[in-house]
$ cat protein31.cif   # mmCIF, C-alpha atoms
data_protein
loop_
_atom_site.label_atom_id
_atom_site.label_comp_id
_atom_site.auth_asym_id
_atom_site.auth_seq_id
_atom_site.Cartn_x
_atom_site.Cartn_y
_atom_site.Cartn_z
CA GLN N 1 -14.39 -24.63 -16.48
CA ILE N 2 -13.43 -24.52 -20.16
CA LEU N 3 -16.69 -22.71 -20.99
CA VAL N 4 -15.69 -19.99 -18.51
CA THR N 5 -11.97 -19.65 -19.18
CA VAL N 6 -12.06 -19.67 -22.99
CA PRO N 7 -14.49 -16.77 -23.63
CA PHE N 8 -13.56 -14.69 -20.58
CA PHE N 9 -9.79 -15.25 -20.33
CA TYR N 10 -8.15 -16.79 -23.39
CA TRP N 11 -10.23 -15.06 -26.05
CA PRO N 12 -9.65 -11.53 -24.64
CA ALA N 13 -5.95 -12.34 -24.22
CA VAL N 14 -5.68 -13.40 -27.87
CA GLN N 15 -7.62 -10.31 -28.94
CA GLY N 16 -5.30 -8.07 -26.93
CA LEU N 17 -2.20 -9.72 -28.38
CA THR N 18 -3.59 -9.34 -31.91
CA GLN N 19 -4.55 -5.71 -31.31
CA SER N 20 -1.00 -4.91 -30.20
CA PHE N 21 0.17 -5.52 -33.78
CA MET N 22 -2.57 -3.35 -35.29
CA LEU N 23 -2.99 0.38 -35.86
CA SER N 24 -6.63 1.48 -35.57
CA ASP N 25 -8.45 4.73 -36.08
CA PRO N 26 -9.96 6.37 -32.96
CA PHE N 27 -13.39 4.86 -33.74
CA GLY N 28 -12.08 1.32 -34.21
CA LEU N 29 -13.65 1.03 -37.65
CA HIS N 30 -10.48 0.33 -39.61
CA SER N 31 -7.26 -1.41 -38.61
CA ARG N 32 -4.08 -2.33 -40.40
CA PHE N 33 -1.23 -4.66 -39.49
CA VAL N 34 1.93 -2.76 -38.47
CA TRP N 35 4.09 -5.60 -37.13
CA PHE N 36 6.13 -4.46 -34.08
CA ASN N 37 5.75 -0.72 -34.66
CA ASN N 38 3.64 -0.26 -31.53
CA TYR N 39 6.28 -1.94 -29.37
CA ILE N 40 9.15 0.00 -30.99
CA ALA N 41 7.30 3.27 -30.45
CA LEU N 42 6.85 2.47 -26.77
CA PHE N 43 10.54 1.91 -26.14
CA LYS N 44 11.30 5.18 -27.92
CA ASP N 45 8.76 7.04 -25.77
CA PRO N 46 10.45 8.67 -22.75
CA LEU N 47 7.11 8.88 -20.94
CA TYR N 48 6.67 5.12 -21.16
CA LEU N 49 10.21 4.46 -19.94
CA LYS N 50 9.58 6.87 -17.07
CA SER N 51 6.37 5.00 -16.28
CA ILE N 52 8.32 1.74 -15.97
CA VAL N 53 10.68 3.30 -13.40
CA ILE N 54 7.73 4.81 -11.50
CA THR N 55 5.99 1.43 -11.43
CA LEU N 56 9.05 -0.41 -10.10
CA VAL N 57 9.62 2.18 -7.36
CA PHE N 58 5.95 2.25 -6.44
CA SER N 59 5.50 -1.53 -6.35
CA ALA N 60 8.69 -2.14 -4.35
CA SER N 61 7.82 0.58 -1.83
CA THR N 62 4.21 -0.53 -1.46
CA ALA N 63 5.08 -4.21 -1.04
CA THR N 64 7.86 -3.50 1.46
CA LEU N 65 5.73 -1.16 3.58
CA ALA N 66 2.68 -3.44 3.52
CA ILE N 67 4.63 -6.60 4.38
CA THR N 68 6.73 -5.10 7.17
CA THR N 69 3.73 -3.37 8.74
CA GLY N 70 1.59 -6.51 8.50
CA LEU N 71 4.36 -8.59 10.07
CA PHE N 72 4.87 -6.07 12.88
CA ILE N 73 1.16 -5.89 13.71
CA ALA N 74 0.79 -9.67 13.53
CA THR N 75 3.71 -10.07 15.94
CA LEU N 76 2.12 -7.69 18.42
CA ALA N 77 -1.35 -9.23 18.05
CA ASN N 78 0.07 -12.71 18.57
CA ARG N 79 1.29 -11.67 22.03
CA ILE N 80 -2.09 -10.35 23.18
CA LEU N 81 -3.81 -12.53 25.74
CA ARG N 82 -7.14 -10.73 26.27
CA PHE N 83 -9.68 -9.86 23.55
CA LYS N 84 -7.43 -11.47 20.94
CA ASN N 85 -10.24 -12.44 18.54
CA ILE N 86 -11.91 -9.02 18.74
CA ILE N 87 -8.66 -7.18 18.05
CA ARG N 88 -7.84 -9.46 15.12
CA THR N 89 -11.30 -8.87 13.65
CA PHE N 90 -10.83 -5.10 13.72
CA LEU N 91 -7.41 -5.42 12.12
CA ILE N 92 -8.84 -7.52 9.27
CA TRP N 93 -11.68 -5.14 8.39
CA PRO N 94 -9.66 -2.62 6.29
CA TYR N 95 -9.13 -5.31 3.65
CA ALA N 96 -12.86 -5.15 2.90
CA VAL N 97 -12.50 -1.52 1.80
CA ALA N 98 -12.46 -1.07 -1.98
CA PRO N 99 -9.25 0.40 -3.44
CA ALA N 100 -11.06 3.51 -4.67
CA ILE N 101 -12.52 4.14 -1.21
CA SER N 102 -9.09 3.60 0.34
CA GLY N 103 -7.71 6.30 -1.93
CA ILE N 104 -10.50 8.72 -1.00
CA LEU N 105 -9.93 8.10 2.72
CA TRP N 106 -6.26 8.95 2.45
CA LEU N 107 -7.08 11.94 0.23
CA PHE N 108 -9.28 13.31 3.04
CA LEU N 109 -6.32 12.91 5.40
CA LEU N 110 -3.51 14.24 3.21
CA HIS N 111 -5.08 16.76 0.82
CA PRO N 112 -3.33 20.13 1.34
CA SER N 113 -6.60 22.09 1.43
CA PHE N 114 -8.86 20.02 3.68
CA GLY N 115 -6.77 17.06 4.85
CA VAL N 116 -6.60 16.90 8.65
CA VAL N 117 -3.14 15.35 8.74
CA ALA N 118 -1.78 17.59 5.97
CA ILE N 119 -2.98 20.76 7.71
CA ALA N 120 -1.49 19.61 11.02
CA MET N 121 1.84 18.84 9.34
CA THR N 122 1.96 22.31 7.82
CA ARG N 123 0.81 24.31 10.85
CA PHE N 124 2.52 22.51 13.71
CA LEU N 125 5.52 20.80 12.11
CA GLY N 126 6.27 23.28 9.35
CA ILE N 127 6.40 20.54 6.71
CA GLU N 128 5.57 21.72 3.21
CA TRP N 129 3.17 19.05 2.01
CA ASP N 130 1.36 19.38 -1.31
CA PRO N 131 0.61 16.18 -3.27
CA VAL N 132 -1.41 18.23 -5.74
CA LEU N 133 1.73 19.95 -7.06
CA SER N 134 4.59 17.81 -5.74
CA GLY N 135 5.22 14.52 -7.50
CA SER N 136 7.15 13.02 -4.57
CA ASP N 137 4.38 13.91 -2.11
CA ALA N 138 1.78 12.39 -4.44
CA MET N 139 3.85 9.20 -4.72
CA ILE N 140 4.12 8.95 -0.93
CA MET N 141 0.36 9.41 -0.60
CA ILE N 142 -0.58 6.63 -3.03
CA ILE N 143 2.05 4.32 -1.50
CA LEU N 144 0.50 4.86 1.94
CA ALA N 145 -3.02 4.30 0.61
CA SER N 146 -2.03 1.16 -1.30
CA ALA N 147 0.01 -0.31 1.54
CA TRP N 148 -2.73 0.39 4.10
CA LYS N 149 -5.18 -1.47 1.90
CA GLN N 150 -2.92 -4.53 1.82
CA VAL N 151 -1.73 -4.61 5.44
CA SER N 152 -4.80 -6.53 6.63
CA TYR N 153 -4.30 -9.17 3.95
CA ASN N 154 -0.72 -9.70 5.08
CA PHE N 155 -1.76 -9.65 8.73
CA VAL N 156 -4.14 -12.59 8.21
CA PHE N 157 -1.45 -14.80 6.65
CA PHE N 158 1.26 -13.83 9.12
CA THR N 159 -1.08 -14.52 12.03
CA ALA N 160 -1.96 -17.95 10.63
CA GLY N 161 1.73 -18.68 10.10
CA MET N 162 2.63 -17.71 13.66
CA GLN N 163 -0.14 -19.86 15.09
CA ALA N 164 1.33 -22.85 13.23
CA ILE N 165 4.72 -22.43 14.92
CA PRO N 166 5.03 -24.87 17.86
CA THR N 167 5.05 -22.98 21.14
CA SER N 168 7.52 -25.52 22.51
CA LEU N 169 10.23 -24.04 20.27
CA ILE N 170 9.59 -20.51 21.57
CA GLU N 171 9.46 -21.69 25.18
CA ALA N 172 12.67 -23.69 24.81
CA ALA N 173 14.48 -20.65 23.36
CA ALA N 174 13.16 -18.47 26.20
CA MET N 175 14.42 -20.97 28.79
CA ASP N 176 17.84 -20.86 27.11
CA GLY N 177 17.93 -17.11 27.67
CA ALA N 178 16.98 -15.85 24.19
CA GLY N 179 15.21 -12.50 24.25
CA PRO N 180 12.06 -11.63 22.27
CA PHE N 181 13.98 -10.16 19.32
CA ARG N 182 16.40 -13.11 19.25
CA ARG N 183 13.51 -15.60 19.31
CA PHE N 184 11.76 -13.78 16.50
CA TRP N 185 14.87 -13.53 14.32
CA VAL N 186 16.12 -17.11 14.83
CA ILE N 187 12.88 -19.09 15.15
CA THR N 188 9.78 -17.17 14.07
CA LEU N 189 11.06 -15.44 10.93
CA PRO N 190 12.72 -18.53 9.36
CA LEU N 191 9.57 -20.58 9.95
CA LEU N 192 7.52 -17.77 8.41
CA SER N 193 9.67 -17.68 5.26
CA PRO N 194 7.15 -19.64 3.10
CA THR N 195 4.43 -17.18 4.12
CA LEU N 196 6.78 -14.24 3.55
CA PHE N 197 7.67 -15.48 0.08
CA PHE N 198 4.03 -16.00 -0.87
CA LEU N 199 3.06 -12.54 0.36
CA THR N 200 5.97 -10.93 -1.47
CA VAL N 201 4.74 -12.38 -4.78
CA MET N 202 1.11 -11.45 -4.07
CA ASN N 203 1.90 -7.91 -2.89
CA ILE N 204 3.97 -7.13 -5.98
CA ILE N 205 1.18 -8.39 -8.22
CA PHE N 206 -1.30 -6.31 -6.21
CA SER N 207 0.79 -3.15 -6.58
CA PHE N 208 1.08 -3.67 -10.34
CA PHE N 209 -2.62 -4.25 -11.07
CA GLU N 210 -5.02 -3.70 -8.16
CA THR N 211 -3.92 -0.15 -7.35
CA PHE N 212 -5.61 1.32 -10.42
CA GLY N 213 -8.64 2.44 -8.39
CA ILE N 214 -6.48 4.26 -5.86
CA ILE N 215 -4.54 6.18 -8.49
CA HIS N 216 -7.64 6.95 -10.54
CA THR N 217 -9.49 8.48 -7.59
CA VAL N 218 -6.54 10.28 -6.00
CA THR N 219 -4.02 11.54 -8.58
CA GLN N 220 -5.12 10.42 -12.07
CA GLY N 221 -1.46 9.75 -12.78
CA GLY N 222 -0.34 13.26 -11.83
CA PRO N 223 1.05 15.66 -11.05
CA GLY N 224 3.08 15.76 -14.23
CA GLY N 225 2.90 11.99 -14.66
CA ALA N 226 4.70 11.37 -11.34
CA THR N 227 2.26 8.61 -10.35
CA ASN N 228 1.42 7.33 -13.82
CA ILE N 229 2.19 3.63 -13.31
CA LEU N 230 1.96 1.16 -16.18
CA VAL N 231 -1.56 -0.10 -15.54
CA TYR N 232 -2.91 3.45 -15.43
CA LYS N 233 -1.01 4.42 -18.60
CA VAL N 234 -2.74 1.52 -20.38
CA TYR N 235 -6.06 3.11 -19.41
CA GLN N 236 -4.98 6.63 -20.37
CA ASP N 237 -3.68 5.71 -23.82
CA GLY N 238 -6.45 3.22 -24.62
CA PHE N 239 -9.65 4.68 -23.17
CA ILE N 240 -8.78 8.38 -23.10
CA GLY N 241 -6.27 8.70 -25.94
CA LEU N 242 -8.10 6.04 -28.01
CA ASN N 243 -4.79 4.55 -29.16
CA MET N 244 -5.88 0.95 -28.87
CA GLY N 245 -2.81 -0.53 -30.55
CA SER N 246 -0.38 1.14 -28.15
CA SER N 247 -2.60 0.32 -25.19
CA ALA N 248 -2.73 -3.36 -26.17
CA ALA N 249 1.05 -3.44 -26.61
CA GLN N 250 1.47 -1.92 -23.16
CA SER N 251 -0.80 -4.59 -21.72
CA VAL N 252 1.31 -7.34 -23.25
CA LEU N 253 4.53 -5.77 -21.97
CA LEU N 254 3.02 -5.29 -18.51
CA MET N 255 2.07 -8.94 -18.34
CA ALA N 256 5.52 -9.96 -19.57
CA LEU N 257 7.13 -7.76 -16.91
CA ILE N 258 5.14 -9.20 -14.02
CA ILE N 259 5.74 -12.76 -15.28
CA THR N 260 9.49 -12.05 -15.44
CA ILE N 261 9.54 -10.61 -11.92
CA THR N 262 7.57 -13.57 -10.57
CA VAL N 263 9.85 -16.10 -12.29
CA LEU N 264 12.92 -14.34 -10.88
CA GLN N 265 11.40 -14.46 -7.42
CA PHE N 266 10.77 -18.20 -7.70
CA LYS N 267 14.25 -18.78 -9.11
CA TYR N 268 16.33 -16.75 -6.65
CA VAL N 269 14.25 -15.78 -3.61
CA GLU N 270 12.60 -19.17 -3.10
CA LYS N 271 16.01 -20.76 -2.54
CA LYS N 272 16.16 -18.99 0.84
CA VAL N 273 12.76 -20.27 1.92
CA GLN N 274 12.73 -22.91 4.66
CA TYR N 275 9.73 -25.17 4.20
CA THR N 276 10.58 -27.34 7.19
CA GLY N 277 11.57 -26.54 10.73
#
$ encode --input "protein31.cif" --output "structure tokens"
Amino acid sequence: QILVTVPFFYWPAVQGLTQSFMLSDPFGLHSRFVWFNNYIALFKDPLYLKSIVITLVFSASTATLAITTGLFIATLANRILRFKNIIRTFLIWPYAVAPAISGILWLFLLHPSFGVVAIAMTRFLGIEWDPVLSGSDAMIMIILASAWKQVSYNFVFFTAGMQAIPTSLIEAAAMDGAGPFRRFWVITLPLLSPTLFFLTVMNIIFSFFETFGIIHTVTQGGPGGATNILVYKVYQDGFIGLNMGSSAAQSVLLMALIITITVLQFKYVEKKVQYTG
């Protein structure tokens, strides 16, 4: 395990941290130590500050949509009596789709020129939809593509959590006159709180890092930087702009941000989790 983690995890992390304090030429032949200049320049860059806001909005929207949709579908699937295993299998399959392919699928649906859904929205509903030119439309499109990719993942865990809930509790509540919504709100949801907390942490991490392929294939951070989240800006500045020092500093700040968010979740959100019935 040490032979794997040291060269493939710790050594690149140390190299990235070191590079964040360096200023290199575009060819990487010469570097000089500049202390915290790369970090100071980032916080003075309005585009980077805008990227932070875009990332927070995008990750919160994606996680909320993916979790609520996964929970809703799992609740419906848990009530099915016939063909339950077949239906669950079909609902799990979208998770096997690569993020880049997920982005292309939604691009074929929502592109203003050839997207079936986009054309129908414009012709029959009169909705002006153009993610190529509109930043808000582009943000909605990548949120839908990212959330759709993660719904199946959430569905699996919610389904497993619901199967672990004793049916005697649900039946007793039904005999006492509690309706389906009341039973879900009072019994099912509190007992699912550990699963919900775990999925909240995982979905936020997913939206920060694993959505690079979707954005790269669909919007490339556009239009006008409206979908340029932090992980994609690291790629743009490092591999396209060849500013390796700034890119490394952004990587360090991105990791610090996600660690901070995760720690805050464990500190404040976990207190509301009920680990026992």
$ atom_distance --input "protein31.cif" --atom1 "atom CA of N:Met244" --atom2 "atom CA of N:Gln19"
7.2 Å
$ resolve_selection --input "protein31.cif" --expression "the PyMOL selection byres ((chain N and resi 98) around 12)" --output "MDAnalysis selection string"
chainID N and resid 93:97 99:105 145:146 148:150 210:214 217
$ resolve_selection --input "protein31.cif" --expression "the PyMOL selection byres ((chain N and resi 163-168) around 12)" --output "NGL selection string"
:N and (74-75 or 77-79 or 156-162 or 169-175 or 183-184 or 187-193 or 195 or 276-277)
$ atom_distance --input "protein31.cif" --atom1 "atom CA of N:Leu17" --atom2 "atom CA of N:Leu230"
16.9 Å
$ residues_around --input "protein31.cif" --residues "stretch 123-129 of chain N" --least-positions-apart "5" --cutoff "10 Å" --atoms "all atoms listed in the file" --output "list in words"
Leu110, His111, Pro112, Val117, Ala118, Ser134, Ser136, Asp137 and Ala138 of chain N
$ write_last_selection --input "protein31.cif" --atoms "C-alpha atoms" --output "PDB file, in the frame of the given file"
ATOM      1  CA  LEU N 110      -3.510  14.240   3.210  1.00  0.00           C
ATOM      2  CA  HIS N 111      -5.080  16.760   0.820  1.00  0.00           C
ATOM      3  CA  PRO N 112      -3.330  20.130   1.340  1.00  0.00           C
ATOM      4  CA  VAL N 117      -3.140  15.350   8.740  1.00  0.00           C
ATOM      5  CA  ALA N 118      -1.780  17.590   5.970  1.00  0.00           C
ATOM      6  CA  SER N 134       4.590  17.810  -5.740  1.00  0.00           C
ATOM      7  CA  SER N 136       7.150  13.020  -4.570  1.00  0.00           C
ATOM      8  CA  ASP N 137       4.380  13.910  -2.110  1.00  0.00           C
ATOM      9  CA  ALA N 138       1.780  12.390  -4.440  1.00  0.00           C
TER      10      ALA N 138
END
$ resolve_selection --input "protein31.cif" --expression "the PyMOL selection byres ((chain N and resi 234) around 8)" --output "ChimeraX atom specification"
/N:230-233,235-238,247-248,250-251
$ residues_around --input "protein31.cif" --residues "N:His30" --least-positions-apart "5" --cutoff "12 Å" --atoms "all atoms listed in the file" --output "CSV table (one decimal) with C-alpha atoms, in the frame of the given file"
chain,number,residue,atom,x,y,z
N,19,GLN,CA,-4.6,-5.7,-31.3
N,22,MET,CA,-2.6,-3.4,-35.3
N,23,LEU,CA,-3.0,0.4,-35.9
N,24,SER,CA,-6.6,1.5,-35.6
N,25,ASP,CA,-8.4,4.7,-36.1
N,244,MET,CA,-5.9,1.0,-28.9
N,245,GLY,CA,-2.8,-0.5,-30.6
$ residues_around --input "protein31.cif" --residues "stretch 259-268 of chain N" --least-positions-apart "6" --cutoff "10 Å" --atoms "all atoms listed in the file" --output "PDB file with C-alpha atoms, in the coordinates of the input"
ATOM      1  CA  PHE N 197       7.670 -15.480   0.080  1.00  0.00           C
ATOM      2  CA  PHE N 198       4.030 -16.000  -0.870  1.00  0.00           C
ATOM      3  CA  THR N 200       5.970 -10.930  -1.470  1.00  0.00           C
ATOM      4  CA  VAL N 201       4.740 -12.380  -4.780  1.00  0.00           C
ATOM      5  CA  MET N 202       1.110 -11.450  -4.070  1.00  0.00           C
ATOM      6  CA  ILE N 204       3.970  -7.130  -5.980  1.00  0.00           C
ATOM      7  CA  ILE N 205       1.180  -8.390  -8.220  1.00  0.00           C
ATOM      8  CA  LEU N 253       4.530  -5.770 -21.970  1.00  0.00           C
TER       9      LEU N 253
END
$ closest_atom_pairs --input "protein31.cif" --of "stretch 85-147 of chain N" --to "stretch 36-60 of chain N" --cutoff "10 Å" --atoms "only C-alpha atoms" --output "Markdown table"
| residue | atom | partner | partner_atom | distance |
| --- | --- | --- | --- | --- |
| N:Met139 | CA | N:Phe58 | CA | 7.5 |
| N:Ile140 | CA | N:Phe58 | CA | 8.9 |
| N:Ile142 | CA | N:Phe58 | CA | 8.6 |
| N:Ile143 | CA | N:Phe58 | CA | 6.6 |
| N:Ser146 | CA | N:Ser59 | CA | 9.5 |
| N:Ala147 | CA | N:Ser59 | CA | 9.7 |
$ closest_residue --input "protein31.cif" --among "N:Ala63, N:Val4, N:Leu133, N:Leu196" --to "N:Gly225" --atoms "only C-alpha atoms"
N:Leu133
$ atom_distance --input "protein31.cif" --atom1 "atom CA of N:His216" --atom2 "atom CA of N:Leu199"
24.8 Å
$ axis_aligned_box --input "protein31.cif" --around "stretch 51-70 of chain N" --padding-each-side "4 Å" --output "JSON"
{"center_x": 6.1, "center_y": -0.8, "center_z": -3.8, "size_x": 17.1, "size_y": 19.6, "size_z": 33.0}
$ closest_residue --input "protein31.cif" --among "N:Phe33, N:Trp106, N:Phe90, N:Phe239" --to "N:Leu144" --atoms "only C-alpha atoms"
N:Trp106
$ closest_residue --input "protein31.cif" --among "N:Val218, N:Val186, N:Ile67, N:Val132" --to "N:Val151" --atoms "all atoms listed in the file"
N:Ile67
$ closest_residue --input "protein31.cif" --among "N:Phe155, N:Met141, N:Ile92, N:Leu107" --to "N:Leu76" --atoms "all atoms listed in the file"
N:Phe155
